[in-house]
Amino acid sequence: MQMTKWLTGAVAAGLIMSNGTAIARTVGPAGEAATPSAEVTLSDADIAALKDKGYKAALLWHTSSDFTNAVGQGATDEFKRAGIDIAVTTDAQFDAARQRSDIETALAAKPNVILALPLDPVTSAEAFRQAVTDGAKLVFLSNVPKGYKHGTDYAAIVTDDLFQMGKQAADALAKSIDGKGTVGYIFHDATYYVTNQRDQAFKSTIEKDYPDIKIVAEQGISDPARAEELANAMLLKNPDLDGIYVTWAEPADGVLAALRGAGNTKTKIVTLDLAEPVALDMVKGGNVTALVADKAYELGRAMAAAGMKSLLGQETPAFVVAPALTVTKDNVSQGWKDSLNRDAPQSVLDAAK
């Protein structure tokens, strides 16, 4: 998920025992096993059963961004297959009170399905209650209102495979330094579950899978504007780092500036989410070696599919995850499309030629 501001939530990365071996996975709010989004689909018969019923949907988003645009487009395209119109689309601008007002506005249009990211578990529990009472099928992105029960109050939670995002970042950084060396770890120093789970997945993968790579410097960050300053301090103590993991793309740009300021062309950077500045460095063969992203368009498609399955009275999985993907110089054009369902910035495409 594109990080601009985030929120506490319910999803966790847990350790599940299988034949005595710990396997790290993204799990749901009550420990539910994840269902891959590719398994949440509608048959031709399902689509036919939904058409010409006058069904409507509402998309109640938490913010406006490339990420939410891609999620919304994925949902819109999936609903369109069944002839379901989008009656209302809103942007709460990360304001829980505004989201409550958005819900009231949406309910006036009598939607049959509502897709939303609840901004606050407690406030949202009350705000969405009328929608539940009205019989709307609710599908949530990442968060769930406090006390809500799957199958009774909502159809599904859909989110990223957070563990895989962190793991793929670790794998990409390890590959870029030939599986050995020293790295820095810049994590999100706040209680935001999306970044917390991704960060921990990176760290645990390095420690478990790459015995010849040592995390020798750790630094928490809460304000992306301080990234360059913090990176300079890390590099002053550890000038020979082979790589640095950065919690998401905006602070990674600051770390990149610190490396450039030091004339350092050796230290590799891996970060999460797509952004033009770091992607441009990557395709030019700079310090950035890979970006790990979610499939935002697929998140929206799966959300819409879960809502429509619920409309049909079909059982829906409680917890659904869309896959992560590693974007490099070699696949940047396709990776951008797979994640956000749009072309990469022209500057990136031009530099990749």
# chains A, B, ... in the order shown; residues from 1 in each chain; ligands from 1
$ select_by_dssp --residues "stretch 185-326 of chain A" --states "strand (DSSP E)" --output "VMD selection string"
chain A and resid 185 to 188 213 to 221 243 to 246 268 to 272 288 to 294 319 to 322 324 to 326
$ residues_around --residues "stretch 56-58 of chain A" --least-positions-apart "5" --cutoff "7 Å" --atoms "only C-alpha atoms" --output "list in words"
Ile84, Asp85, Ile86, Ala87, Val88, Thr89, Ala106, Pro111, Asn112, Val113, Ile114 and Leu115 of chain A
$ residues_around --residues "A:Gly135" --least-positions-apart "4" --cutoff "12 Å" --atoms "only C-alpha atoms" --output "list in words"
Leu107, Lys110, Pro111, Asn112, Val113, Ile114, Phe128, Arg129, Gln130, Ala131, Gly151, Thr152, Asp153, Tyr154, Ala155, Ser310 and Leu311 of chain A
$ closest_atom_pairs --of "stretch 153-186 of chain A" --to "stretch 273-291 of chain A" --cutoff "12 Å" --atoms "only C-alpha atoms" --output "JSON lines"
{"residue": "A:Asp160", "atom": "CA", "partner": "A:Asp273", "partner_atom": "CA", "distance": 11.7}
{"residue": "A:Leu162", "atom": "CA", "partner": "A:Asp273", "partner_atom": "CA", "distance": 11.8}
{"residue": "A:Met165", "atom": "CA", "partner": "A:Asp273", "partner_atom": "CA", "distance": 9.4}
{"residue": "A:Gly166", "atom": "CA", "partner": "A:Leu291", "partner_atom": "CA", "distance": 10.7}
{"residue": "A:Gln168", "atom": "CA", "partner": "A:Leu291", "partner_atom": "CA", "distance": 9.3}
{"residue": "A:Ala169", "atom": "CA", "partner": "A:Leu291", "partner_atom": "CA", "distance": 7.4}
{"residue": "A:Ala170", "atom": "CA", "partner": "A:Ala290", "partner_atom": "CA", "distance": 10.1}
{"residue": "A:Asp171", "atom": "CA", "partner": "A:Ala290", "partner_atom": "CA", "distance": 10.0}
{"residue": "A:Ala172", "atom": "CA", "partner": "A:Ala290", "partner_atom": "CA", "distance": 6.5}
{"residue": "A:Leu173", "atom": "CA", "partner": "A:Thr289", "partner_atom": "CA", "distance": 7.2}
{"residue": "A:Ala174", "atom": "CA", "partner": "A:Thr289", "partner_atom": "CA", "distance": 10.3}
{"residue": "A:Lys175", "atom": "CA", "partner": "A:Thr289", "partner_atom": "CA", "distance": 9.4}
{"residue": "A:Ser176", "atom": "CA", "partner": "A:Thr289", "partner_atom": "CA", "distance": 6.8}
{"residue": "A:Ile177", "atom": "CA", "partner": "A:Thr289", "partner_atom": "CA", "distance": 9.9}
$ select_by_dssp --residues "stretch 69-126 of chain A" --states "alpha helix (DSSP H)" --output "NGL selection string"
:A and (69-81 or 96-107 or 121-126)
$ residues_around --residues "stretch 206-222 of chain A" --least-positions-apart "2" --cutoff "10 Å" --atoms "only C-alpha atoms" --output "count of residues only"
46
$ residues_around --residues "A:Glu228" --least-positions-apart "4" --cutoff "6 Å" --atoms "only C-alpha atoms" --output "NGL selection string"
:A and (254-255 or 258)
$ closest_residue --among "A:Ala109, A:Val292, A:Ala33, A:Ala49" --to "A:Gly83" --atoms "only C-alpha atoms"
A:Ala49
$ residues_around --residues "A:Pro317" --least-positions-apart "3" --cutoff "8 Å" --atoms "only C-alpha atoms" --output "JSON, numbers by chain"
{"A": [35, 155, 156, 320]}
$ write_last_selection --atoms "N, CA and C atoms" --output "mmCIF file, in the first residue's frame"
data_model
loop_
_atom_site.group_PDB
_atom_site.id
_atom_site.type_symbol
_atom_site.label_atom_id
_atom_site.label_comp_id
_atom_site.auth_asym_id
_atom_site.auth_seq_id
_atom_site.Cartn_x
_atom_site.Cartn_y
_atom_site.Cartn_z
ATOM 1 N N THR A 35 -6.604 -16.506 2.281
ATOM 2 C CA THR A 35 -7.025 -17.077 1.001
ATOM 3 C C THR A 35 -6.445 -16.216 -0.114
ATOM 4 N N ALA A 155 -18.490 -9.281 4.650
ATOM 5 C CA ALA A 155 -18.257 -10.432 3.766
ATOM 6 C C ALA A 155 -16.806 -10.871 3.763
ATOM 7 N N ALA A 156 -15.867 -9.916 3.805
ATOM 8 C CA ALA A 156 -14.455 -10.287 3.736
ATOM 9 C C ALA A 156 -13.583 -9.082 4.084
ATOM 10 N N VAL A 320 -8.553 -12.334 2.810
ATOM 11 C CA VAL A 320 -8.044 -12.528 1.454
ATOM 12 C C VAL A 320 -6.799 -11.661 1.268
#
$ atom_distance --atom1 "atom CA of A:Ala304" --atom2 "atom CA of A:Ala75"
5.0 Å
$ atom_distance --atom1 "atom CA of A:Ala305" --atom2 "atom CA of A:Asp44"
12.6 Å
$ residues_around --residues "stretch 139-148 of chain A" --least-positions-apart "2" --cutoff "9 Å" --atoms "only C-alpha atoms" --output "PDB file with N, CA and C atoms, in the first residue's frame"
ATOM      1  N   LEU A   7      -2.584   3.779   9.580  1.00  0.00           N
ATOM      2  CA  LEU A   7      -3.417   3.637  10.742  1.00  0.00           C
ATOM      3  C   LEU A   7      -3.198   2.295  11.389  1.00  0.00           C
ATOM      4  N   THR A   8      -3.557   2.220  12.651  1.00  0.00           N
ATOM      5  CA  THR A   8      -3.474   0.930  13.310  1.00  0.00           C
ATOM      6  C   THR A   8      -4.525   0.023  12.732  1.00  0.00           C
ATOM      7  N   GLY A   9      -4.306  -1.268  12.800  1.00  0.00           N
ATOM      8  CA  GLY A   9      -5.244  -2.176  12.177  1.00  0.00           C
ATOM      9  C   GLY A   9      -5.160  -3.561  12.745  1.00  0.00           C
ATOM     10  N   ALA A  10      -5.798  -4.491  12.048  1.00  0.00           N
ATOM     11  CA  ALA A  10      -6.028  -5.802  12.625  1.00  0.00           C
ATOM     12  C   ALA A  10      -5.135  -6.895  12.095  1.00  0.00           C
ATOM     13  N   VAL A  11      -4.538  -6.702  10.946  1.00  0.00           N
ATOM     14  CA  VAL A  11      -3.815  -7.790  10.318  1.00  0.00           C
ATOM     15  C   VAL A  11      -2.456  -7.960  10.962  1.00  0.00           C
ATOM     16  N   PRO A  29      -7.230 -10.971  11.434  1.00  0.00           N
ATOM     17  CA  PRO A  29      -7.377 -10.366  12.756  1.00  0.00           C
ATOM     18  C   PRO A  29      -7.607 -11.366  13.874  1.00  0.00           C
ATOM     19  N   VAL A 113     -23.699  -3.210  -2.162  1.00  0.00           N
ATOM     20  CA  VAL A 113     -22.352  -3.581  -1.751  1.00  0.00           C
ATOM     21  C   VAL A 113     -21.583  -2.313  -1.420  1.00  0.00           C
ATOM     22  N   ILE A 114     -20.824  -2.340  -0.321  1.00  0.00           N
ATOM     23  CA  ILE A 114     -19.976  -1.214   0.060  1.00  0.00           C
ATOM     24  C   ILE A 114     -18.550  -1.722   0.241  1.00  0.00           C
ATOM     25  N   LEU A 115     -17.613  -1.083  -0.441  1.00  0.00           N
ATOM     26  CA  LEU A 115     -16.190  -1.355  -0.255  1.00  0.00           C
ATOM     27  C   LEU A 115     -15.581  -0.167   0.466  1.00  0.00           C
ATOM     28  N   ALA A 116     -14.777  -0.423   1.507  1.00  0.00           N
ATOM     29  CA  ALA A 116     -14.239   0.685   2.294  1.00  0.00           C
ATOM     30  C   ALA A 116     -13.045   0.246   3.115  1.00  0.00           C
ATOM     31  N   LEU A 117     -12.216   1.211   3.486  1.00  0.00           N
ATOM     32  CA  LEU A 117     -11.185   1.004   4.499  1.00  0.00           C
ATOM     33  C   LEU A 117     -11.631   1.751   5.747  1.00  0.00           C
ATOM     34  N   PRO A 118     -12.027   1.040   6.804  1.00  0.00           N
ATOM     35  CA  PRO A 118     -12.446   1.707   8.040  1.00  0.00           C
ATOM     36  C   PRO A 118     -11.267   2.434   8.680  1.00  0.00           C
ATOM     37  N   LEU A 119     -11.428   3.715   8.907  1.00  0.00           N
ATOM     38  CA  LEU A 119     -10.303   4.517   9.383  1.00  0.00           C
ATOM     39  C   LEU A 119      -9.972   4.307  10.854  1.00  0.00           C
ATOM     40  N   ASP A 120     -10.976   4.021  11.653  1.00  0.00           N
ATOM     41  CA  ASP A 120     -10.735   3.837  13.085  1.00  0.00           C
ATOM     42  C   ASP A 120     -11.616   2.687  13.560  1.00  0.00           C
ATOM     43  N   PRO A 121     -11.022   1.655  14.171  1.00  0.00           N
ATOM     44  CA  PRO A 121     -11.816   0.472  14.540  1.00  0.00           C
ATOM     45  C   PRO A 121     -13.025   0.784  15.412  1.00  0.00           C
ATOM     46  N   VAL A 122     -12.884   1.721  16.355  1.00  0.00           N
ATOM     47  CA  VAL A 122     -13.985   2.021  17.275  1.00  0.00           C
ATOM     48  C   VAL A 122     -15.026   2.921  16.609  1.00  0.00           C
ATOM     49  N   THR A 123     -14.567   4.045  16.066  1.00  0.00           N
ATOM     50  CA  THR A 123     -15.486   4.972  15.409  1.00  0.00           C
ATOM     51  C   THR A 123     -16.198   4.303  14.234  1.00  0.00           C
ATOM     52  N   SER A 124     -15.444   3.505  13.477  1.00  0.00           N
ATOM     53  CA  SER A 124     -16.018   2.862  12.296  1.00  0.00           C
ATOM     54  C   SER A 124     -17.065   1.816  12.656  1.00  0.00           C
ATOM     55  N   ALA A 125     -16.905   1.180  13.827  1.00  0.00           N
ATOM     56  CA  ALA A 125     -17.883   0.168  14.236  1.00  0.00           C
ATOM     57  C   ALA A 125     -19.274   0.771  14.329  1.00  0.00           C
ATOM     58  N   GLU A 126     -19.341   1.973  14.858  1.00  0.00           N
ATOM     59  CA  GLU A 126     -20.630   2.664  14.969  1.00  0.00           C
ATOM     60  C   GLU A 126     -21.061   3.222  13.609  1.00  0.00           C
ATOM     61  N   PHE A 128     -20.465   2.229  10.522  1.00  0.00           N
ATOM     62  CA  PHE A 128     -20.922   1.267   9.518  1.00  0.00           C
ATOM     63  C   PHE A 128     -22.126   0.440   9.983  1.00  0.00           C
ATOM     64  N   LYS A 137     -23.802  -5.454   1.730  1.00  0.00           N
ATOM     65  CA  LYS A 137     -22.680  -6.375   1.866  1.00  0.00           C
ATOM     66  C   LYS A 137     -21.401  -5.560   1.980  1.00  0.00           C
ATOM     67  N   HIS A 150     -17.245 -11.887  10.852  1.00  0.00           N
ATOM     68  CA  HIS A 150     -17.307 -12.341   9.464  1.00  0.00           C
ATOM     69  C   HIS A 150     -18.570 -13.145   9.224  1.00  0.00           C
ATOM     70  N   THR A 152     -21.528 -12.243   9.354  1.00  0.00           N
ATOM     71  CA  THR A 152     -22.685 -11.583   9.964  1.00  0.00           C
ATOM     72  C   THR A 152     -22.683 -10.099   9.647  1.00  0.00           C
ATOM     73  N   ASP A 153     -21.537  -9.472   9.889  1.00  0.00           N
ATOM     74  CA  ASP A 153     -21.426  -8.030   9.697  1.00  0.00           C
ATOM     75  C   ASP A 153     -20.690  -7.648   8.412  1.00  0.00           C
ATOM     76  N   TYR A 154     -19.809  -8.506   7.938  1.00  0.00           N
ATOM     77  CA  TYR A 154     -19.069  -8.184   6.727  1.00  0.00           C
ATOM     78  C   TYR A 154     -18.756  -9.459   5.944  1.00  0.00           C
ATOM     79  N   ALA A 155     -18.490  -9.281   4.650  1.00  0.00           N
ATOM     80  CA  ALA A 155     -18.257 -10.432   3.766  1.00  0.00           C
ATOM     81  C   ALA A 155     -16.806 -10.871   3.763  1.00  0.00           C
ATOM     82  N   ALA A 156     -15.867  -9.916   3.805  1.00  0.00           N
ATOM     83  CA  ALA A 156     -14.455 -10.287   3.736  1.00  0.00           C
ATOM     84  C   ALA A 156     -13.583  -9.082   4.084  1.00  0.00           C
ATOM     85  N   ILE A 157     -12.351  -9.383   4.510  1.00  0.00           N
ATOM     86  CA  ILE A 157     -11.274  -8.396   4.593  1.00  0.00           C
ATOM     87  C   ILE A 157     -10.289  -8.763   3.494  1.00  0.00           C
ATOM     88  N   VAL A 158      -9.860  -7.766   2.728  1.00  0.00           N
ATOM     89  CA  VAL A 158      -8.889  -7.987   1.667  1.00  0.00           C
ATOM     90  C   VAL A 158      -7.689  -7.080   1.926  1.00  0.00           C
ATOM     91  N   THR A 159      -6.493  -7.623   1.830  1.00  0.00           N
ATOM     92  CA  THR A 159      -5.302  -6.816   2.090  1.00  0.00           C
ATOM     93  C   THR A 159      -4.116  -7.355   1.311  1.00  0.00           C
ATOM     94  N   ASP A 160      -2.957  -6.714   1.499  1.00  0.00           N
ATOM     95  CA  ASP A 160      -1.716  -7.180   0.887  1.00  0.00           C
ATOM     96  C   ASP A 160      -1.198  -8.404   1.624  1.00  0.00           C
ATOM     97  N   VAL A 194       0.722  -1.949   8.755  1.00  0.00           N
ATOM     98  CA  VAL A 194       1.202  -2.255   7.410  1.00  0.00           C
ATOM     99  C   VAL A 194       2.726  -2.243   7.382  1.00  0.00           C
ATOM    100  N   LEU A 299      -6.335  -6.032  -5.612  1.00  0.00           N
ATOM    101  CA  LEU A 299      -7.055  -5.848  -4.344  1.00  0.00           C
ATOM    102  C   LEU A 299      -8.495  -5.420  -4.612  1.00  0.00           C
ATOM    103  N   GLY A 300      -8.658  -4.432  -5.497  1.00  0.00           N
ATOM    104  CA  GLY A 300     -10.003  -3.946  -5.805  1.00  0.00           C
ATOM    105  C   GLY A 300     -10.862  -4.986  -6.489  1.00  0.00           C
ATOM    106  N   MET A 303     -11.986  -7.456  -3.888  1.00  0.00           N
ATOM    107  CA  MET A 303     -12.998  -6.875  -3.009  1.00  0.00           C
ATOM    108  C   MET A 303     -14.374  -6.916  -3.670  1.00  0.00           C
ATOM    109  N   ALA A 304     -14.427  -6.488  -4.925  1.00  0.00           N
ATOM    110  CA  ALA A 304     -15.706  -6.491  -5.636  1.00  0.00           C
ATOM    111  C   ALA A 304     -16.241  -7.911  -5.799  1.00  0.00           C
ATOM    112  N   ALA A 306     -15.684 -10.506  -3.889  1.00  0.00           N
ATOM    113  CA  ALA A 306     -16.182 -10.997  -2.596  1.00  0.00           C
ATOM    114  C   ALA A 306     -17.551 -10.411  -2.291  1.00  0.00           C
ATOM    115  N   GLY A 307     -17.741  -9.127  -2.582  1.00  0.00           N
ATOM    116  CA  GLY A 307     -19.038  -8.493  -2.341  1.00  0.00           C
ATOM    117  C   GLY A 307     -20.136  -9.104  -3.180  1.00  0.00           C
TER     118      GLY A 307
END
$ atom_distance --atom1 "atom CA of A:Gly263" --atom2 "atom CA of A:Asn232"
11.9 Å
$ decode --residues "stretch 264-281 of chain A" --atoms "N, CA and C atoms" --output "PDB file, in the first residue's frame"
ATOM      1  N   ASN A 264      28.678   7.799  -2.504  1.00  0.00           N
ATOM      2  CA  ASN A 264      28.607   6.354  -2.318  1.00  0.00           C
ATOM      3  C   ASN A 264      27.782   5.730  -3.446  1.00  0.00           C
ATOM      4  N   THR A 265      28.442   4.988  -4.304  1.00  0.00           N
ATOM      5  CA  THR A 265      27.736   4.280  -5.375  1.00  0.00           C
ATOM      6  C   THR A 265      27.654   2.784  -5.111  1.00  0.00           C
ATOM      7  N   LYS A 266      28.196   2.343  -3.966  1.00  0.00           N
ATOM      8  CA  LYS A 266      28.268   0.918  -3.649  1.00  0.00           C
ATOM      9  C   LYS A 266      27.030   0.396  -2.929  1.00  0.00           C
ATOM     10  N   THR A 267      26.570   1.129  -1.909  1.00  0.00           N
ATOM     11  CA  THR A 267      25.512   0.634  -1.024  1.00  0.00           C
ATOM     12  C   THR A 267      24.183   0.518  -1.770  1.00  0.00           C
ATOM     13  N   LYS A 268      23.600  -0.667  -1.740  1.00  0.00           N
ATOM     14  CA  LYS A 268      22.341  -0.915  -2.429  1.00  0.00           C
ATOM     15  C   LYS A 268      21.154  -0.601  -1.515  1.00  0.00           C
ATOM     16  N   ILE A 269      20.081  -0.107  -2.109  1.00  0.00           N
ATOM     17  CA  ILE A 269      18.849   0.202  -1.374  1.00  0.00           C
ATOM     18  C   ILE A 269      17.726  -0.681  -1.906  1.00  0.00           C
ATOM     19  N   VAL A 270      16.936  -1.217  -0.993  1.00  0.00           N
ATOM     20  CA  VAL A 270      15.666  -1.832  -1.373  1.00  0.00           C
ATOM     21  C   VAL A 270      14.586  -1.192  -0.514  1.00  0.00           C
ATOM     22  N   THR A 271      13.440  -0.916  -1.127  1.00  0.00           N
ATOM     23  CA  THR A 271      12.343  -0.303  -0.378  1.00  0.00           C
ATOM     24  C   THR A 271      11.011  -0.820  -0.911  1.00  0.00           C
ATOM     25  N   LEU A 272       9.925  -0.357  -0.293  1.00  0.00           N
ATOM     26  CA  LEU A 272       8.588  -0.853  -0.596  1.00  0.00           C
ATOM     27  C   LEU A 272       7.712   0.261  -1.145  1.00  0.00           C
ATOM     28  N   ASP A 273       6.877  -0.103  -2.105  1.00  0.00           N
ATOM     29  CA  ASP A 273       5.950   0.785  -2.793  1.00  0.00           C
ATOM     30  C   ASP A 273       6.641   1.485  -3.959  1.00  0.00           C
ATOM     31  N   LEU A 274       5.828   1.869  -4.936  1.00  0.00           N
ATOM     32  CA  LEU A 274       6.342   2.474  -6.159  1.00  0.00           C
ATOM     33  C   LEU A 274       6.325   3.993  -6.057  1.00  0.00           C
ATOM     34  N   ALA A 275       7.412   4.619  -6.487  1.00  0.00           N
ATOM     35  CA  ALA A 275       7.496   6.078  -6.514  1.00  0.00           C
ATOM     36  C   ALA A 275       8.506   6.476  -7.581  1.00  0.00           C
ATOM     37  N   GLU A 276       8.260   7.585  -8.233  1.00  0.00           N
ATOM     38  CA  GLU A 276       9.085   7.989  -9.374  1.00  0.00           C
ATOM     39  C   GLU A 276      10.550   8.238  -9.025  1.00  0.00           C
ATOM     40  N   PRO A 277      10.887   8.977  -7.947  1.00  0.00           N
ATOM     41  CA  PRO A 277      12.314   9.275  -7.713  1.00  0.00           C
ATOM     42  C   PRO A 277      13.176   8.036  -7.524  1.00  0.00           C
ATOM     43  N   VAL A 278      12.705   7.090  -6.700  1.00  0.00           N
ATOM     44  CA  VAL A 278      13.517   5.892  -6.459  1.00  0.00           C
ATOM     45  C   VAL A 278      13.515   4.974  -7.675  1.00  0.00           C
ATOM     46  N   ALA A 279      12.408   4.942  -8.398  1.00  0.00           N
ATOM     47  CA  ALA A 279      12.343   4.118  -9.612  1.00  0.00           C
ATOM     48  C   ALA A 279      13.300   4.658 -10.668  1.00  0.00           C
ATOM     49  N   LEU A 280      13.393   5.966 -10.761  1.00  0.00           N
ATOM     50  CA  LEU A 280      14.290   6.589 -11.734  1.00  0.00           C
ATOM     51  C   LEU A 280      15.746   6.224 -11.426  1.00  0.00           C
ATOM     52  N   ASP A 281      16.126   6.275 -10.159  1.00  0.00           N
ATOM     53  CA  ASP A 281      17.480   5.870  -9.769  1.00  0.00           C
ATOM     54  C   ASP A 281      17.717   4.405 -10.116  1.00  0.00           C
TER      55      ASP A 281
END
